[in-house]
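S.K.: Provided herewith: target32.cif, mmCIF, C-alpha atoms and all ligand atoms.
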```cif
data_model
#
loop_
_atom_site.label_atom_id
_atom_site.label_comp_id
_atom_site.auth_asym_id
_atom_site.auth_seq_id
_atom_site.Cartn_x
_atom_site.Cartn_y
_atom_site.Cartn_z
CA MET A 1 0.00 0.00 0.00
CA PRO A 2 1.59 3.34 -1.02
CA PHE A 3 2.20 5.74 1.85
CA LEU A 4 1.58 8.96 -0.09
CA SER A 5 -1.81 9.99 -1.44
CA ALA A 6 -2.49 9.17 -5.09
CA THR A 7 -3.87 12.71 -5.43
CA LEU A 8 -0.33 14.04 -5.17
CA ASP A 9 0.64 12.06 -8.28
CA ARG A 10 -1.62 14.35 -10.26
CA VAL A 11 0.06 17.48 -8.90
CA LYS A 12 3.43 18.52 -10.26
CA PRO A 13 5.88 20.28 -7.99
CA SER A 14 6.21 23.94 -8.89
CA PRO A 15 8.48 24.27 -11.93
CA THR A 16 9.84 27.44 -10.38
CA ILE A 17 11.34 25.58 -7.44
CA ALA A 18 14.38 24.36 -9.37
CA MET A 19 15.08 27.94 -10.34
CA SER A 20 14.82 29.37 -6.83
CA ASN A 21 16.87 26.48 -5.39
CA LEU A 22 19.62 27.18 -7.88
CA ALA A 23 19.43 30.93 -7.09
CA MET A 24 19.81 30.13 -3.39
CA ASP A 25 22.76 27.79 -4.06
CA LEU A 26 24.50 30.48 -6.09
CA LYS A 27 23.86 33.09 -3.37
CA ALA A 28 25.25 30.71 -0.74
CA ALA A 29 28.33 30.27 -2.93
CA GLY A 30 28.88 34.04 -2.79
CA ARG A 31 27.43 35.05 -6.17
CA ASP A 32 25.62 38.40 -6.42
CA ILE A 33 22.12 37.29 -7.48
CA ILE A 34 19.19 39.56 -8.37
CA SER A 35 16.10 37.55 -7.59
CA LEU A 36 13.00 38.49 -9.60
CA SER A 37 11.02 35.38 -8.82
CA ALA A 38 8.66 36.37 -5.96
CA GLY A 39 5.44 38.24 -6.77
CA GLU A 40 5.11 40.78 -4.01
CA PRO A 41 5.40 44.54 -3.62
CA ASP A 42 8.81 45.52 -2.25
CA PHE A 43 7.45 48.36 -0.08
CA ASP A 44 6.45 48.09 3.55
CA THR A 45 2.90 47.67 4.89
CA PRO A 46 1.53 51.22 5.50
CA GLU A 47 2.08 52.48 9.06
CA THR A 48 -1.64 52.89 9.90
CA ILE A 49 -2.23 49.23 9.08
CA LYS A 50 0.76 48.08 11.13
CA ALA A 51 -0.51 50.23 14.02
CA ALA A 52 -3.91 48.49 13.82
CA GLY A 53 -2.13 45.14 14.10
CA ARG A 54 -0.15 46.32 17.13
CA ALA A 55 -3.31 47.72 18.74
CA ALA A 56 -5.05 44.36 18.25
CA ILE A 57 -2.21 42.62 20.11
CA ASP A 58 -2.30 45.20 22.93
CA ALA A 59 -6.08 44.87 23.24
CA GLY A 60 -5.78 41.10 23.61
CA LYS A 61 -7.48 40.35 20.29
CA THR A 62 -5.31 37.27 20.12
CA LYS A 63 -7.84 34.46 20.53
CA TYR A 64 -9.82 32.28 18.13
CA THR A 65 -12.32 34.23 16.04
CA VAL A 66 -15.37 33.17 14.04
CA VAL A 67 -14.05 30.54 11.59
CA ASP A 68 -14.49 32.60 8.44
CA GLY A 69 -13.78 36.06 9.79
CA ILE A 70 -14.73 38.71 12.35
CA PRO A 71 -17.96 40.65 11.65
CA GLU A 72 -15.98 43.92 11.47
CA LEU A 73 -13.87 42.61 8.60
CA LYS A 74 -16.87 41.14 6.78
CA SER A 75 -18.57 44.55 7.04
CA ALA A 76 -15.41 46.26 5.76
CA VAL A 77 -15.41 43.88 2.77
CA CYS A 78 -19.08 44.68 2.04
CA ALA A 79 -18.28 48.41 2.19
CA LYS A 80 -15.26 47.94 -0.09
CA LEU A 81 -17.25 45.96 -2.68
CA LYS A 82 -19.90 48.68 -2.70
CA ARG A 83 -17.39 51.55 -2.86
CA ASP A 84 -15.03 50.14 -5.50
CA ASN A 85 -17.17 47.69 -7.46
CA ALA A 86 -20.80 48.84 -7.05
CA LEU A 87 -21.63 45.38 -5.66
CA GLU A 88 -24.11 44.84 -2.82
CA TYR A 89 -23.33 42.01 -0.40
CA GLU A 90 -24.45 41.11 3.12
CA PRO A 91 -21.82 39.97 5.66
CA ALA A 92 -23.33 36.44 5.48
CA GLN A 93 -22.26 36.35 1.83
CA VAL A 94 -18.62 37.06 2.74
CA THR A 95 -15.81 34.72 3.78
CA ILE A 96 -12.32 35.59 5.05
CA GLY A 97 -9.40 33.20 4.60
CA THR A 98 -5.67 32.88 5.11
CA GLY A 99 -4.76 34.71 1.92
CA GLY A 100 -6.54 34.73 -1.39
CA LYS A 101 -4.97 31.36 -1.99
CA GLN A 102 -6.92 29.65 0.78
CA VAL A 103 -10.15 31.29 -0.35
CA LEU A 104 -9.69 29.92 -3.87
CA TYR A 105 -8.77 26.52 -2.52
CA ASN A 106 -11.82 26.45 -0.22
CA ALA A 107 -14.08 27.28 -3.17
CA LEU A 108 -12.65 24.47 -5.28
CA MET A 109 -12.68 21.95 -2.42
CA ALA A 110 -16.27 22.87 -1.60
CA THR A 111 -17.58 22.42 -5.14
CA LEU A 112 -15.54 20.02 -7.28
CA ASN A 113 -16.47 16.38 -7.85
CA PRO A 114 -14.38 13.95 -9.93
CA GLY A 115 -14.81 14.79 -13.61
CA ASP A 116 -15.82 18.39 -12.99
CA GLU A 117 -13.96 20.73 -15.31
CA VAL A 118 -12.50 24.13 -14.56
CA VAL A 119 -11.68 26.42 -17.48
CA ILE A 120 -8.38 28.23 -16.95
CA PRO A 121 -7.12 30.74 -19.55
CA ALA A 122 -3.37 30.38 -20.21
CA PRO A 123 -0.96 31.94 -19.34
CA TYR A 124 -2.29 31.56 -15.81
CA TRP A 125 -1.16 32.00 -12.21
CA VAL A 126 0.81 28.81 -11.58
CA SER A 127 -1.34 27.59 -8.68
CA TYR A 128 -4.73 27.34 -10.42
CA PRO A 129 -4.36 23.99 -12.24
CA ASP A 130 -2.72 22.27 -9.29
CA MET A 131 -5.36 23.52 -6.87
CA VAL A 132 -8.04 22.15 -9.20
CA GLN A 133 -6.22 18.80 -9.32
CA LEU A 134 -5.84 18.68 -5.53
CA ALA A 135 -9.58 19.29 -5.21
CA GLY A 136 -10.28 16.36 -7.56
CA GLY A 137 -11.32 18.35 -10.63
CA THR A 138 -9.91 18.57 -14.15
CA PRO A 139 -8.25 21.78 -15.36
CA VAL A 140 -9.17 22.70 -18.94
CA ILE A 141 -6.45 25.00 -20.17
CA VAL A 142 -7.56 27.42 -22.88
CA GLU A 143 -5.07 29.46 -24.83
CA ALA A 144 -5.22 33.21 -24.46
CA GLY A 145 -2.04 33.96 -26.36
CA ILE A 146 -0.06 36.97 -27.44
CA ASP A 147 -2.15 37.49 -30.60
CA THR A 148 -5.24 38.30 -28.51
CA GLY A 149 -3.27 40.42 -26.02
CA PHE A 150 -3.28 37.43 -23.63
CA ARG A 151 -7.06 37.81 -23.29
CA LEU A 152 -9.50 34.92 -23.56
CA THR A 153 -11.79 35.35 -26.57
CA PRO A 154 -15.53 34.63 -26.38
CA GLU A 155 -15.07 32.00 -29.12
CA ALA A 156 -12.37 30.15 -27.16
CA LEU A 157 -14.49 30.28 -24.00
CA GLU A 158 -17.54 28.96 -25.85
CA ALA A 159 -15.50 26.09 -27.33
CA ALA A 160 -14.08 25.13 -23.92
CA ILE A 161 -17.43 24.81 -22.14
CA THR A 162 -18.86 21.30 -21.81
CA PRO A 163 -21.72 19.88 -19.71
CA ARG A 164 -19.03 19.09 -17.06
CA THR A 165 -17.74 22.67 -16.77
CA LYS A 166 -18.22 23.93 -13.23
CA TRP A 167 -16.06 27.06 -13.09
CA LEU A 168 -14.29 29.60 -15.22
CA ILE A 169 -11.33 31.05 -13.31
CA PHE A 170 -11.06 34.66 -14.40
CA ASN A 171 -8.04 36.76 -13.39
CA SER A 172 -7.81 40.41 -14.44
CA PRO A 173 -5.29 42.06 -14.30
CA SER A 174 -3.48 38.81 -14.85
CA ASN A 175 -0.53 37.21 -13.17
CA PRO A 176 1.67 36.64 -15.20
CA THR A 177 0.84 38.65 -18.34
CA GLY A 178 -0.59 41.87 -16.86
CA ALA A 179 -3.44 41.64 -19.39
CA ALA A 180 -6.69 43.18 -18.16
CA TYR A 181 -10.26 43.14 -19.51
CA ASP A 182 -12.08 46.43 -19.98
CA ARG A 183 -15.87 46.57 -19.80
CA ASP A 184 -16.39 45.64 -23.49
CA ALA A 185 -13.94 42.74 -23.41
CA LEU A 186 -15.48 41.41 -20.21
CA GLN A 187 -19.03 41.85 -21.53
CA ALA A 188 -18.13 39.70 -24.55
CA LEU A 189 -17.25 36.90 -22.12
CA THR A 190 -20.23 37.40 -19.82
CA GLU A 191 -22.53 37.10 -22.87
CA VAL A 192 -21.15 33.60 -23.42
CA LEU A 193 -21.53 32.75 -19.74
CA THR A 194 -25.17 33.87 -19.61
CA ARG A 195 -25.90 31.23 -22.27
CA HIS A 196 -24.43 28.49 -20.01
CA PRO A 197 -26.23 28.72 -16.66
CA HIS A 198 -24.37 25.71 -15.18
CA VAL A 199 -20.99 27.53 -15.35
CA TRP A 200 -19.89 29.52 -12.30
CA VAL A 201 -17.31 32.31 -12.30
CA LEU A 202 -14.42 32.35 -9.86
CA THR A 203 -12.98 35.81 -10.32
CA ASP A 204 -9.53 36.60 -8.91
CA ASP A 205 -9.38 40.38 -8.48
CA MET A 206 -6.07 40.44 -6.56
CA TYR A 207 -4.51 43.09 -8.81
CA GLU A 208 -7.58 45.37 -8.98
CA HIS A 209 -5.70 48.40 -7.66
CA ILE A 210 -2.60 47.97 -9.79
CA THR A 211 -3.69 49.20 -13.23
CA PHE A 212 -2.10 51.72 -15.58
CA ASP A 213 -2.86 54.53 -18.02
CA GLY A 214 -6.36 55.26 -16.70
CA PHE A 215 -7.57 51.66 -17.08
CA GLU A 216 -10.97 51.27 -15.39
CA PHE A 217 -11.12 47.99 -13.44
CA VAL A 218 -14.38 46.01 -13.68
CA THR A 219 -15.36 42.61 -12.29
CA PRO A 220 -17.83 40.08 -13.80
CA ALA A 221 -20.73 40.39 -11.29
CA GLN A 222 -20.62 44.18 -11.75
CA VAL A 223 -20.66 44.02 -15.55
CA GLU A 224 -23.38 41.34 -15.79
CA PRO A 225 -25.79 41.28 -12.82
CA ALA A 226 -27.32 38.07 -14.21
CA LEU A 227 -24.12 36.32 -13.10
CA TYR A 228 -24.38 37.57 -9.49
CA ASP A 229 -25.94 34.31 -8.27
CA ARG A 230 -23.13 32.19 -9.70
CA THR A 231 -20.07 34.34 -9.18
CA LEU A 232 -17.54 34.20 -6.38
CA THR A 233 -15.68 37.51 -6.31
CA MET A 234 -12.28 36.89 -4.68
CA ASN A 235 -9.83 39.55 -3.62
CA GLY A 236 -7.40 40.24 -0.79
CA VAL A 237 -5.14 42.73 0.88
CA SER A 238 -1.84 41.04 -0.05
CA LYS A 239 -0.83 42.97 -3.16
CA ALA A 240 -2.67 46.31 -2.94
CA TYR A 241 -1.75 46.97 0.70
CA ALA A 242 1.71 45.32 0.69
CA MET A 243 0.45 42.72 3.19
CA THR A 244 1.59 39.43 1.64
CA GLY A 245 2.87 38.08 4.96
CA TRP A 246 -0.28 38.92 6.92
CA ARG A 247 -2.26 36.31 4.96
CA ILE A 248 -5.74 37.77 4.53
CA GLY A 249 -7.94 37.15 1.51
CA TYR A 250 -11.69 37.33 1.10
CA ALA A 251 -14.56 36.50 -1.23
CA ALA A 252 -18.22 37.33 -1.65
CA GLY A 253 -20.83 35.16 -3.30
CA PRO A 254 -24.00 33.14 -2.82
CA GLN A 255 -24.63 32.28 0.82
CA LYS A 256 -24.85 28.52 0.15
CA LEU A 257 -21.38 28.50 -1.39
CA ILE A 258 -19.96 30.69 1.39
CA ALA A 259 -21.36 28.26 4.02
CA ALA A 260 -19.79 25.28 2.20
CA MET A 261 -16.43 27.09 2.09
CA ARG A 262 -16.71 27.81 5.82
CA LYS A 263 -17.15 24.06 6.39
CA VAL A 264 -13.88 23.33 4.53
CA GLN A 265 -12.04 26.02 6.48
CA SER A 266 -13.51 24.88 9.82
CA GLN A 267 -11.89 21.46 9.35
CA SER A 268 -8.55 22.73 8.10
CA THR A 269 -7.12 25.99 9.45
CA SER A 270 -10.08 27.52 11.37
CA ASN A 271 -9.92 31.32 11.51
CA PRO A 272 -7.27 33.40 9.76
CA CYS A 273 -4.87 35.14 12.16
CA SER A 274 -6.90 37.42 14.47
CA ILE A 275 -4.28 40.20 14.46
CA SER A 276 -4.09 40.20 10.67
CA GLN A 277 -7.88 40.43 10.45
CA TRP A 278 -7.86 43.64 12.53
CA ALA A 279 -5.06 45.05 10.38
CA ALA A 280 -7.12 44.21 7.27
CA VAL A 281 -10.12 46.10 8.73
CA GLU A 282 -7.88 49.19 8.83
CA ALA A 283 -6.57 48.47 5.31
CA LEU A 284 -10.07 48.37 3.82
CA ASN A 285 -11.67 51.12 5.95
CA GLY A 286 -8.67 53.44 6.33
CA PRO A 287 -6.99 55.88 3.90
CA GLN A 288 -6.83 54.62 0.32
CA ASP A 289 -4.81 57.49 -1.18
CA PHE A 290 -1.56 55.50 -1.45
CA LEU A 291 -3.16 52.97 -3.82
CA PRO A 292 -2.93 55.18 -6.94
CA GLU A 293 0.51 56.40 -5.79
CA ASN A 294 1.79 52.81 -5.68
CA ALA A 295 0.21 52.06 -9.05
CA ALA A 296 2.00 55.13 -10.49
CA LEU A 297 5.30 53.82 -9.10
CA PHE A 298 4.70 50.45 -10.74
CA ARG A 299 3.81 52.21 -14.01
CA ARG A 300 7.15 54.03 -14.02
CA ARG A 301 8.91 50.72 -13.46
CA ARG A 302 6.81 49.08 -16.17
CA ASP A 303 7.76 51.74 -18.70
CA LEU A 304 11.45 51.39 -17.88
CA VAL A 305 11.42 47.59 -17.93
CA VAL A 306 9.34 47.26 -21.09
CA SER A 307 11.51 49.72 -23.03
CA MET A 308 14.77 48.11 -21.87
CA LEU A 309 13.52 44.63 -22.69
CA ASN A 310 12.38 45.73 -26.14
CA ASP A 311 15.84 47.22 -26.72
CA ALA A 312 17.39 43.84 -25.98
CA GLN A 313 18.09 41.70 -29.04
CA GLY A 314 15.69 38.77 -29.45
CA VAL A 315 13.27 39.95 -26.76
CA ALA A 316 9.76 41.29 -27.45
CA CYS A 317 7.83 42.61 -24.48
CA PRO A 318 4.14 43.57 -24.68
CA THR A 319 3.02 46.41 -22.39
CA PRO A 320 0.98 45.13 -19.42
CA GLN A 321 -2.16 47.07 -18.39
CA GLY A 322 -1.94 46.02 -14.77
CA ALA A 323 -0.36 43.85 -12.04
CA PHE A 324 3.39 44.04 -11.49
CA TYR A 325 4.80 41.55 -13.96
CA VAL A 326 6.08 41.69 -17.51
CA TYR A 327 5.82 38.69 -19.83
CA PRO A 328 8.42 39.10 -22.57
CA SER A 329 8.63 36.66 -25.48
CA ILE A 330 12.06 35.19 -26.14
CA ALA A 331 10.89 33.21 -29.18
CA GLU A 332 13.66 34.72 -31.33
CA CYS A 333 16.33 33.40 -28.98
CA ILE A 334 15.30 29.76 -29.26
CA GLY A 335 17.92 27.62 -30.98
CA LYS A 336 20.65 30.20 -30.38
CA THR A 337 23.59 30.01 -28.01
CA SER A 338 24.10 32.17 -24.92
CA ALA A 339 27.24 34.25 -24.32
CA GLY A 340 28.44 31.46 -22.05
CA GLY A 341 27.92 28.84 -24.75
CA GLN A 342 24.66 27.26 -23.55
CA LEU A 343 22.06 26.20 -26.12
CA ILE A 344 18.78 28.06 -25.56
CA SER A 345 16.42 25.19 -26.37
CA ASP A 346 13.40 26.63 -24.55
CA ASP A 347 12.40 29.31 -22.04
CA GLU A 348 13.57 27.21 -19.10
CA ALA A 349 17.04 26.96 -20.67
CA PHE A 350 17.01 30.76 -21.22
CA ALA A 351 16.10 31.38 -17.58
CA MET A 352 18.84 28.98 -16.42
CA ALA A 353 21.46 30.70 -18.60
CA LEU A 354 20.28 34.12 -17.37
CA LEU A 355 20.72 32.98 -13.79
CA GLU A 356 24.04 31.21 -14.23
CA GLU A 357 25.66 33.76 -16.53
CA ALA A 358 24.07 37.09 -15.52
CA GLY A 359 22.98 36.33 -11.95
CA VAL A 360 19.33 37.21 -12.55
CA ALA A 361 16.64 34.76 -11.37
CA VAL A 362 13.29 34.89 -13.23
CA VAL A 363 10.40 32.49 -13.75
CA PHE A 364 10.12 30.92 -17.21
CA GLY A 365 6.83 31.29 -19.04
CA ALA A 366 6.15 27.57 -19.52
CA ALA A 367 5.41 27.42 -15.80
CA SER A 368 2.31 29.47 -16.54
CA SER A 369 1.10 27.67 -19.59
CA ARG A 370 2.29 24.15 -20.21
CA SER A 371 4.43 21.96 -18.03
CA ALA A 372 2.77 22.77 -14.72
CA THR A 373 -0.34 20.87 -15.75
CA ALA A 374 0.20 17.20 -15.09
CA ASN A 375 -3.20 15.97 -16.23
CA ALA A 376 -4.74 18.99 -17.88
CA SER A 377 -7.18 17.93 -20.56
CA SER A 378 -5.48 20.16 -23.11
CA SER A 379 -1.70 19.99 -23.04
CA ASP A 380 -0.94 21.53 -26.41
CA ILE A 381 -0.92 25.19 -25.53
CA ASN A 382 0.77 27.36 -28.06
CA CYS A 383 2.11 30.16 -25.87
CA PRO A 384 5.43 31.64 -26.95
CA PRO A 385 8.55 30.92 -24.92
CA ALA A 386 8.54 33.70 -22.36
CA LEU A 387 9.81 34.91 -19.03
CA VAL A 388 7.94 36.34 -16.05
CA LEU A 389 9.57 39.29 -14.29
CA PRO A 390 8.02 40.95 -11.23
CA MET A 391 8.78 44.67 -11.16
CA HIS A 392 10.75 44.97 -7.96
CA SER A 393 12.89 47.82 -6.74
CA ALA A 394 15.86 45.74 -7.93
CA ILE A 395 14.80 46.73 -11.43
CA GLU A 396 15.14 50.42 -10.64
CA GLY A 397 18.72 49.84 -9.60
C1 LIG A 401 -3.37 35.97 -9.31
C2 LIG A 401 -3.12 35.68 -7.87
N1 LIG A 401 -4.11 35.21 -7.13
C3 LIG A 401 -3.95 34.92 -5.82
C4 LIG A 401 -2.72 35.08 -5.22
C5 LIG A 401 -2.57 34.70 -3.77
O1 LIG A 401 -2.66 35.77 -2.94
P1 LIG A 401 -2.42 35.60 -1.37
O2 LIG A 401 -0.99 35.93 -1.11
O3 LIG A 401 -3.37 36.57 -0.74
O4 LIG A 401 -2.75 34.19 -1.00
C6 LIG A 401 -1.63 35.55 -5.96
C7 LIG A 401 -0.29 35.66 -5.36
O5 LIG A 401 0.72 35.63 -6.01
C8 LIG A 401 -1.83 35.86 -7.33
O6 LIG A 401 -0.84 36.32 -8.09
#
```
What's the structure tokens form of this structure?

M.R.:
Amino acid sequence: MPFLSATLDRVKPSPTIAMSNLAMDLKAAGRDIISLSAGEPDFDTPETIKAAGRAAIDAGKTKYTVVDGIPELKSAVCAKLKRDNALEYEPAQVTIGTGGKQVLYNALMATLNPGDEVVIPAPYWVSYPDMVQLAGGTPVIVEAGIDTGFRLTPEALEAAITPRTKWLIFNSPSNPTGAAYDRDALQALTEVLTRHPHVWVLTDDMYEHITFDGFEFVTPAQVEPALYDRTLTMNGVSKAYAMTGWRIGYAAGPQKLIAAMRKVQSQSTSNPCSISQWAAVEALNGPQDFLPENAALFRRRRDLVVSMLNDAQGVACPTPQGAFYVYPSIAECIGKTSAGGQLISDDEAFAMALLEEAGVAVVFGAASSRSATANASSSDINCPPALVLPMHSAIEG
């Protein structure tokens, strides 16, 4: 009898791990390594939010809380969804988890049965397909390539939907491409979804506040009210408020789904950290003026990075509309040899050569489109060889 769960056979270890291990080895050996592999803002959590965390400790708010979040934070989420997204939710329709990641995982665990399909546009955030696999579902990877600005087309969505489709995972602005859907582009997708009432929408709005050039963020339930009863709107404080380590994410959706997610959380982690919840109340209710300032900082970095990458021979970098990544194609470098004499056979080989020869650690694009999906029903995704670079302060020099 095997000791390890058969479920784990379906889940591939993160293809980025080899890269970060190698980066760490090189650092330990004394090499000067610039690491561009982690997706988090490099600035500190704002002082008012840190103060709210300290005040929670001093006030003894250090005990168990309601499993899926304190009422104050649920109310702050309702107010935020109304203020920023014109969405009306009651606190009973809101759940708080240990990061957006747990919220997504709870939703999939609470709803997927064997054979259920989840449509995931590629390039995607590396965790989606593996989370679906862990929850017993089948990821259906649909190409949203460079020719459509890395946006899923209504035709591709229509073709991917089957009677077994349970969810579409929708992430705008996207990790890793930075592609975002304006109202018209999103409406084209919601029109398809309204024709398929069995398909639910799991929308990952993590990068809502990091958009550029006047882009107006919109989310599916806001654009198409008919989808309200089958949409889970997920978001969190990690990226916008520089709170990745505090681990608070949230979602709003139909009460029945929220109750099922609470059940999953009650038998795994129980409540998210009480202190972090109080800090998140301050994040959502407190001053919001630094959000556009941070987005402007990321835009300046984006402009610098995109122009420098496009100046580099063999690299073509589209301009992202949001999030803090760039997704440059290195298709023209494939088959060539690096300065150090290594054959660039694919994007992983490029990333390895970049790390070994130039001391820069990045994630290779295949991690977000092809090889991460052990049992995805579509493995032949035609995304160009690419790299993923978070726009850290390291880039500004
Ligand atoms: C698209 C996307 N969704 C969700 C998450 C997870 O966020 P959290 O740190 O709140 O779990 C990330 C983090 O990288 C992300 O990029």

S.K.: Interatomic distance between atom C4 of ligand LIG 401 (chain A) and CA of Lys12 in chain A?

M.R.: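 Atom C4 of ligand LIG 401 (chain A) sits 18.4 Å away from CA of Lys12 in chain A.
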
S.K.: Within 9 Å of range 321-332 of chain A, counting all atoms listed in the file, which residues qualify if same-chain residues fewer than 2 places away don't, as a ChimeraX atom specification?

M.R.: /A:39-41,146,172-180,206-213,215,239,295,298-299,301-302,305-306,309-310,313-319,334-336,346-347,350,365,384-392

S.K.: Counting all atoms listed in the file, what is within 10 Å of Ala185 in chain A, bar same-chain residues fewer than 3 positions away, as a PyMOL selection string?

M.R.: chain A and resi 151-154+180-182+188-190

S.K.: With all atoms of ligand LIG 401 (chain A) from the file as input, state the centre and edge lengths in Å to one decimal of the axis-aligned box that has 3 Å extra on each side, as JSON.

M.R.:
```
{"center_x": -1.7, "center_y": 35.4, "center_z": -5.0, "size_x": 10.8, "size_y": 8.4, "size_z": 14.6}
```

S.K.: Using all atoms listed in the file, which of A:Asp204, A:Asp9, A:Asp289, A:Asp303 sits nearest ligand LIG 401 (chain A)?

M.R.: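 Among the listed residues, A:Asp204 lies closest to ligand LIG 401 (chain A).
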
S.K.: With all atoms listed in the file as the atoms that count, which of A:Ile34, A:Leu26, A:Leu202, A:Ala92 lies nearest to ligand LIG 401 (chain A)?

M.R.: A:Leu202

S.K.: Using all atoms listed in the file, which residues have at least one atom no more than 8 Å from ligand LIG 401 (chain A)? Output them as a VMD selection string.

M.R.: chain A and resid 38 to 40 98 to 104 124 to 125 171 174 to 176 204 to 207 235 to 239 244 to 245 247 to 249

S.K.: Select, counting all atoms listed in the file, all protein, DNA and RNA residues no farther than 12 Å from (-9.4, 13.6, -10.9) in file coordinates, and express the selection as JSON, numbers by chain.

M.R.: {"A": [6, 7, 8, 9, 10, 11, 112, 113, 114, 115, 116, 117, 118, 129, 130, 131, 132, 133, 134, 135, 136, 137, 138, 139, 374, 375, 376, 377]}

S.K.: So, with all atoms listed in the file as the atoms that count, which of A:Met234, A:Ala252, A:Ala312, A:Met19 lies closest to Ile169 in chain A?

M.R.: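 Once distances to Ile169 in chain A are computed over all atoms listed in the file, the minimum belongs to A:Met234.
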
S.K.: I'd like the interatomic distance between CA of Trp246 in chain A and CA of Thr45 in chain A, to a tenth of an Å.

M.R.: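 These two atoms are separated by 9.5 Å.
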
S.K.: What is the distance between CA of Ser338 in chain A and CA of Ala122 in chain A, in Å to one decimal?

M.R.: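 Going from CA of Ser338 in chain A over to CA of Ala122 in chain A covers 27.9 Å.
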
S.K.: From the list A:Ala280, A:Ala23, A:Glu47, A:Leu36, which residue is nearest Val362 in chain A when using all atoms listed in the file?

M.R.: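 Nearest candidate to Val362 in chain A out of A:Ala280, A:Ala23, A:Glu47, A:Leu36: A:Leu36.
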
S.K.: Could you check the closest approach to Glu282 in chain A for each of A:Arg83, A:Tyr241, A:Ala367, A:Glu155 and tell me which residue wins, using all atoms listed in the file?

M.R.: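 Between A:Arg83, A:Tyr241, A:Ala367, A:Glu155, the residue approaching Glu282 in chain A most closely is A:Tyr241.
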
S.K.: Which neighbours of Arg195 in chain A fall inside 12 Å, counting only C-alpha atoms, when residues of the same chain fewer than 2 positions from it are skipped, and could you give them as an mmCIF file with C-alpha atoms, keeping the file's coordinate frame?

M.R.:
```
data_model
loop_
_atom_site.group_PDB
_atom_site.id
_atom_site.type_symbol
_atom_site.label_atom_id
_atom_site.label_comp_id
_atom_site.auth_asym_id
_atom_site.auth_seq_id
_atom_site.Cartn_x
_atom_site.Cartn_y
_atom_site.Cartn_z
ATOM 1 C CA PRO A 154 -15.530 34.630 -26.380
ATOM 2 C CA LEU A 157 -14.490 30.280 -24.000
ATOM 3 C CA GLU A 158 -17.540 28.960 -25.850
ATOM 4 C CA ILE A 161 -17.430 24.810 -22.140
ATOM 5 C CA ALA A 188 -18.130 39.700 -24.550
ATOM 6 C CA LEU A 189 -17.250 36.900 -22.120
ATOM 7 C CA THR A 190 -20.230 37.400 -19.820
ATOM 8 C CA GLU A 191 -22.530 37.100 -22.870
ATOM 9 C CA VAL A 192 -21.150 33.600 -23.420
ATOM 10 C CA LEU A 193 -21.530 32.750 -19.740
ATOM 11 C CA PRO A 197 -26.230 28.720 -16.660
ATOM 12 C CA HIS A 198 -24.370 25.710 -15.180
ATOM 13 C CA VAL A 199 -20.990 27.530 -15.350
ATOM 14 C CA TRP A 200 -19.890 29.520 -12.300
ATOM 15 C CA ALA A 226 -27.320 38.070 -14.210
ATOM 16 C CA LEU A 227 -24.120 36.320 -13.100
#
```

S.K.: Can you pull out every residue within 12 Å of Thr48 in chain A, counting all atoms listed in the file, but drop anything in the same chain fewer than 5 positions away, and send it as a ChimeraX atom specification?

M.R.: /A:53-55,241,278-288,290

S.K.: Compute the distance from (28.6, 30.9, -16.5) to each atom, counting only C-alpha atoms, keep the residues with any atom at most 7 Å away, and return them as a PDB file with C-alpha atoms, keeping the file's coordinate frame; use the coordinates of the file.

M.R.:
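Final output, saved to result_30.pdb:
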```pdb
ATOM      1  CA  GLY A 340      28.440  31.460 -22.050  1.00  0.00           C
ATOM      2  CA  GLU A 356      24.040  31.210 -14.230  1.00  0.00           C
ATOM      3  CA  GLU A 357      25.660  33.760 -16.530  1.00  0.00           C
TER       4      GLU A 357
END
```

S.K.: Have a look at A:Pro254, A:Asp68, A:Glu293, A:Glu348 and name the one nearest to Phe364 in chain A; count all atoms listed in the file.

M.R.: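 Closest to Phe364 in chain A of all the choices is A:Glu348.
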